[in-house]
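The data block below is final34.tsv; it holds TSV, C-alpha atoms.
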chain	number	residue	atom	x	y	z
A	73	MET	CA	77.33	-13.65	200.65
A	74	LYS	CA	76.16	-11.09	203.17
A	75	LEU	CA	78.04	-8.74	205.46
A	76	TYR	CA	76.21	-7.83	208.63
A	77	SER	CA	77.07	-5.51	211.45
A	78	SER	CA	75.33	-4.50	214.63
A	79	GLU	CA	76.03	-2.73	217.90
A	80	HIS	CA	74.69	-3.37	221.37
A	81	THR	CA	75.24	-1.48	224.61
A	82	PHE	CA	75.42	-3.38	227.90
A	83	GLU	CA	74.64	-1.54	231.12
A	84	HIS	CA	77.71	-3.07	232.79
A	85	SER	CA	81.41	-2.27	232.92
A	86	TRP	CA	83.81	-3.62	230.33
A	87	GLU	CA	85.50	-5.88	232.90
A	88	THR	CA	82.17	-7.48	233.84
A	89	VAL	CA	80.97	-7.95	230.25
A	90	ALA	CA	84.37	-9.22	229.05
A	91	LYS	CA	84.43	-11.85	231.81
A	92	ALA	CA	80.88	-12.92	230.98
A	93	ALA	CA	81.69	-13.14	227.25
A	94	TRP	CA	84.82	-15.12	228.01
A	95	ARG	CA	82.88	-17.62	230.15
A	96	LYS	CA	79.77	-17.83	227.98
A	97	TYR	CA	79.97	-21.61	227.52
A	98	PRO	CA	78.51	-23.83	228.84
A	99	ASN	CA	75.16	-22.22	229.60
A	100	PRO	CA	71.49	-23.25	229.63
A	101	ILE	CA	70.53	-20.79	226.88
A	102	ASN	CA	72.64	-22.67	224.32
A	103	PRO	CA	72.84	-26.29	225.53
A	104	ALA	CA	74.04	-27.41	222.10
A	105	VAL	CA	77.60	-26.41	223.06
A	106	VAL	CA	79.01	-29.61	224.54
A	107	ALA	CA	82.73	-28.84	224.77
A	108	LEU	CA	85.15	-25.95	224.75
A	109	ASP	CA	88.79	-26.89	224.33
A	110	VAL	CA	91.82	-24.61	224.44
A	111	VAL	CA	94.06	-25.34	221.46
A	112	ASP	CA	96.67	-22.67	222.15
A	113	ARG	CA	97.18	-19.84	224.63
A	114	LYS	CA	99.94	-17.28	225.05
A	115	ILE	CA	100.58	-13.81	226.36
A	116	GLU	CA	102.27	-11.38	223.97
A	117	ASN	CA	102.99	-7.80	225.05
A	118	GLY	CA	100.37	-8.06	227.80
A	119	VAL	CA	97.68	-9.40	225.46
A	120	LEU	CA	96.16	-12.82	226.20
A	121	LYS	CA	95.76	-14.66	222.89
A	122	THR	CA	93.74	-17.86	222.86
A	123	HIS	CA	92.62	-20.32	220.21
A	124	ARG	CA	89.64	-22.44	221.26
A	125	LEU	CA	87.66	-25.20	219.57
A	126	ILE	CA	83.93	-25.10	220.29
A	127	SER	CA	82.04	-28.38	219.82
A	128	SER	CA	78.27	-28.29	219.36
A	129	SER	CA	75.78	-31.09	219.10
A	130	TRP	CA	72.85	-30.23	216.88
A	131	SER	CA	69.83	-32.44	216.45
A	132	ILE	CA	69.37	-32.41	212.71
A	133	PRO	CA	66.67	-34.41	210.93
A	134	GLY	CA	67.69	-37.90	209.82
A	135	TRP	CA	67.18	-37.09	206.15
A	136	VAL	CA	69.61	-34.16	206.40
A	137	HIS	CA	72.12	-36.37	208.19
A	138	SER	CA	71.92	-39.05	205.46
A	139	LEU	CA	72.03	-36.42	202.70
A	140	LEU	CA	75.11	-34.65	204.05
A	141	GLY	CA	76.81	-37.68	205.57
A	142	LYS	CA	77.88	-35.65	208.61
A	143	ASP	CA	77.66	-36.57	212.25
A	144	GLN	CA	75.77	-34.27	214.57
A	145	THR	CA	78.84	-32.64	216.10
A	146	CYS	CA	79.77	-29.30	214.60
A	147	TYR	CA	83.02	-27.45	215.26
A	148	VAL	CA	83.88	-23.76	215.40
A	149	SER	CA	87.37	-22.29	215.65
A	150	GLU	CA	87.58	-19.20	217.87
A	151	PHE	CA	90.54	-16.83	218.24
A	152	SER	CA	90.40	-14.28	221.04
A	153	GLU	CA	92.53	-11.40	222.24
A	154	VAL	CA	92.11	-9.81	225.65
A	155	ASN	CA	93.94	-6.51	225.99
A	156	PRO	CA	93.32	-5.21	229.52
A	157	ALA	CA	95.51	-2.13	229.01
A	158	LYS	CA	93.37	-0.95	226.07
A	159	ARG	CA	90.26	-2.60	227.57
A	160	THR	CA	89.32	-4.57	224.46
A	161	LEU	CA	88.15	-8.14	224.00
A	162	THR	CA	88.09	-9.35	220.41
A	163	LEU	CA	86.61	-12.73	219.43
A	164	LYS	CA	86.90	-14.06	215.89
A	165	SER	CA	85.23	-17.31	214.96
A	166	ARG	CA	84.64	-19.47	211.91
A	167	ASN	CA	82.74	-22.69	211.47
A	168	LEU	CA	84.81	-25.73	210.50
A	169	THR	CA	81.86	-28.01	209.79
A	170	LEU	CA	79.79	-27.79	206.58
A	171	CYS	CA	82.09	-25.12	205.11
A	172	SER	CA	81.16	-26.12	201.57
A	173	LEU	CA	77.53	-25.12	202.23
A	174	LEU	CA	77.68	-22.52	204.98
A	175	THR	CA	80.54	-20.27	206.04
A	176	VAL	CA	80.19	-17.89	208.97
A	177	ASP	CA	83.04	-15.56	209.87
A	178	GLU	CA	82.15	-13.57	212.95
A	179	ARG	CA	84.01	-10.82	214.78
A	180	LEU	CA	82.92	-9.46	218.16
A	181	VAL	CA	84.67	-6.50	219.79
A	182	TYR	CA	83.86	-5.45	223.35
A	183	THR	CA	85.08	-2.01	224.44
A	184	PRO	CA	84.06	0.55	227.04
A	185	HIS	CA	81.25	2.69	225.67
A	186	PRO	CA	82.78	5.90	224.22
A	187	THR	CA	80.40	8.23	226.10
A	188	ASP	CA	79.87	6.26	229.33
A	189	THR	CA	82.71	4.04	230.54
A	190	LYS	CA	80.38	2.33	233.03
A	191	LYS	CA	78.77	0.69	229.99
A	192	THR	CA	80.17	-1.66	227.34
A	193	LEU	CA	79.80	-1.43	223.59
A	194	LEU	CA	79.63	-4.65	221.57
A	195	GLN	CA	80.36	-4.33	217.86
A	196	GLN	CA	79.42	-7.45	215.94
A	197	GLU	CA	80.32	-8.18	212.32
A	198	ALA	CA	79.57	-11.34	210.40
A	199	VAL	CA	80.16	-12.50	206.87
A	200	ILE	CA	77.70	-15.26	206.06
A	201	SER	CA	77.87	-17.24	202.86
A	202	ILE	CA	75.47	-20.01	201.89
A	203	GLN	CA	76.03	-21.88	198.66
A	204	GLY	CA	74.31	-24.60	196.69
A	205	VAL	CA	70.82	-24.30	198.17
A	206	PRO	CA	67.71	-22.32	197.22
A	207	LEU	CA	66.59	-19.23	199.18
A	208	THR	CA	70.17	-18.21	199.94
A	209	ASN	CA	69.31	-14.62	200.88
A	210	TYR	CA	66.54	-15.71	203.26
A	211	LEU	CA	68.73	-18.36	204.92
A	212	GLU	CA	71.63	-15.92	205.39
A	213	ASN	CA	69.24	-13.53	207.18
A	214	VAL	CA	67.94	-16.34	209.41
A	215	VAL	CA	71.50	-17.36	210.37
A	216	PHE	CA	72.45	-13.80	211.32
A	217	ASP	CA	69.25	-13.16	213.28
A	218	THR	CA	69.73	-16.41	215.20
A	219	MET	CA	73.39	-15.62	215.95
A	220	THR	CA	72.60	-12.13	217.21
A	221	SER	CA	69.64	-13.21	219.29
A	222	LYS	CA	71.53	-16.11	220.94
A	223	ALA	CA	74.58	-13.98	221.71
A	224	HIS	CA	72.50	-11.33	223.45
A	225	GLN	CA	70.39	-13.95	225.30
A	226	VAL	CA	73.51	-15.65	226.65
A	227	LEU	CA	75.03	-12.42	227.95
A	228	ARG	CA	71.68	-11.32	229.43
A	229	TYR	CA	71.57	-14.68	231.24
A	230	PHE	CA	74.78	-13.77	233.03
A	231	PHE	CA	73.35	-10.40	234.06
A	232	SER	CA	69.96	-11.67	235.28
A	233	PRO	CA	69.02	-11.30	238.98
A	234	GLY	CA	71.54	-12.83	241.33
A	235	THR	CA	75.22	-12.14	241.44
A	236	ILE	CA	77.20	-12.40	238.26
A	237	SER	CA	80.09	-14.13	239.99
A	238	SER	CA	77.87	-16.81	241.55
A	239	LYS	CA	76.50	-17.71	238.11
A	240	HIS	CA	80.04	-17.97	236.76
A	241	GLU	CA	81.10	-20.16	239.66
A	242	ALA	CA	78.12	-22.48	239.13
A	243	THR	CA	78.86	-22.66	235.42
A	244	ASN	CA	82.54	-23.37	235.97
A	245	THR	CA	81.85	-25.98	238.64
A	246	ASN	CA	79.66	-27.91	236.21
A	247	CYS	CA	82.16	-27.63	233.36
A	248	ALA	CA	83.71	-30.93	232.35
A	249	SER	CA	86.99	-29.31	231.40
A	250	SER	CA	89.25	-27.54	233.86
A	251	SER	CA	90.73	-25.46	231.04
A	252	ILE	CA	88.10	-22.73	231.49
A	253	ARG	CA	89.05	-22.34	235.16
A	254	ILE	CA	92.73	-22.16	234.19
A	255	VAL	CA	92.01	-19.48	231.57
A	256	ASP	CA	89.98	-17.55	234.16
A	257	ILE	CA	93.01	-17.52	236.46
A	258	ILE	CA	95.27	-16.34	233.63
A	259	TYR	CA	92.67	-13.76	232.63
A	260	GLN	CA	92.55	-12.38	236.19
A	261	ARG	CA	96.35	-12.30	236.46
A	262	ILE	CA	96.81	-10.44	233.19
A	263	PHE	CA	94.45	-7.75	234.52
A	264	VAL	CA	96.63	-7.42	237.62
A	265	LEU	CA	99.88	-7.40	235.62
A	266	CYS	CA	98.67	-4.68	233.27
A	267	GLY	CA	97.15	-2.64	236.06
A	268	ALA	CA	93.69	-2.77	234.53

When written as structure tokens, how does the structure in this file appear?
Amino acid sequence: MKLYSSEHTFEHSWETVAKAAWRKYPNPINPAVVALDVVDRKIENGVLKTHRLISSSWSIPGWVHSLLGKDQTCYVSEFSEVNPAKRTLTLKSRNLTLCSLLTVDERLVYTPHPTDTKKTLLQQEAVISIQGVPLTNYLENVVFDTMTSKAHQVLRYFFSPGTISSKHEATNTNCASSSIRIVDIIYQRIFVLCGA
């Protein structure tokens, strides 16, 4: 088992980065994510709390598929809290598929940068545990490096040339589920209600 942590500073405001993080799926950087379903959503004391199920389709070799007896859809449970008054977005996720071999508990916290509020600080923590296979240490490092790299690539995609909002609109228009658009509306309203 390995505990990893990292920090990254985005050259954008917390509101902009939080919206991009919230709407990160679907996107062309990580086309494996095929669905994002809202399991539960509520507002408690001005904090938007959401439980989402992320479905990914991974092309795994046939021999791995027959060995594990799993289909190619993997599931991740994600709990998020958006607190516009304190300007924090916290995402906690855990894989539900292949838990007996690989467990990844990840926590992402987005806050305004402590020395420059026009920037956003991302604090990422992950506990990765791989069991029952050789080269455990090496594989745990590969998993973390891949997670970190993909997360930063996805957010950089949203901040590439062109307007951020137009990319979000294009992403949301192509989304098969209207739940993301509904959450966006709730997300915007909670900002207004809390005066953030």

Using only C-alpha atoms, find each residue of region 82-199 of chain A with at least one atom at most 10 Å away from an atom of region 204-219 of chain A; report its shortest atom-to-atom pair and that distance in Å (one decimal), sort the rows by chain and rising residue number, and return the result as a tab-separated table.
residue	atom	partner	partner_atom	distance
A:Ser172	CA	A:Gly204	CA	8.5
A:Leu173	CA	A:Gly204	CA	6.4
A:Leu174	CA	A:Glu212	CA	9.0
A:Thr175	CA	A:Glu212	CA	9.9
A:Val176	CA	A:Val215	CA	8.8
A:Glu178	CA	A:Met219	CA	9.5
A:Glu197	CA	A:Phe216	CA	9.7
A:Ala198	CA	A:Phe216	CA	7.6
A:Val199	CA	A:Phe216	CA	9.0

Quick one: write out the picked residues with C-alpha atoms as a short mmCIF file (atom, residue, chain, number, x, y, z; two decimals), in the coordinates of the input?
data_model
loop_
_atom_site.label_atom_id
_atom_site.label_comp_id
_atom_site.auth_asym_id
_atom_site.auth_seq_id
_atom_site.Cartn_x
_atom_site.Cartn_y
_atom_site.Cartn_z
CA SER A 172 81.16 -26.12 201.57
CA LEU A 173 77.53 -25.12 202.23
CA LEU A 174 77.68 -22.52 204.98
CA THR A 175 80.54 -20.27 206.04
CA VAL A 176 80.19 -17.89 208.97
CA GLU A 178 82.15 -13.57 212.95
CA GLU A 197 80.32 -8.18 212.32
CA ALA A 198 79.57 -11.34 210.40
CA VAL A 199 80.16 -12.50 206.87
#

Practice problem: Grab the CA of Val148 (chain A) to CA of Gln195 (chain A) distance for me, in Å with one decimal place. | Solution: 19.9 Å

Practice problem: Could you check which of A:Leu170, A:Arg124, A:Met73, A:Arg159 is closest to His185 (chain A), using all atoms listed in the file? | Solution: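 Ranked by minimum distance to His185 (chain A), first place goes to A:Arg159.
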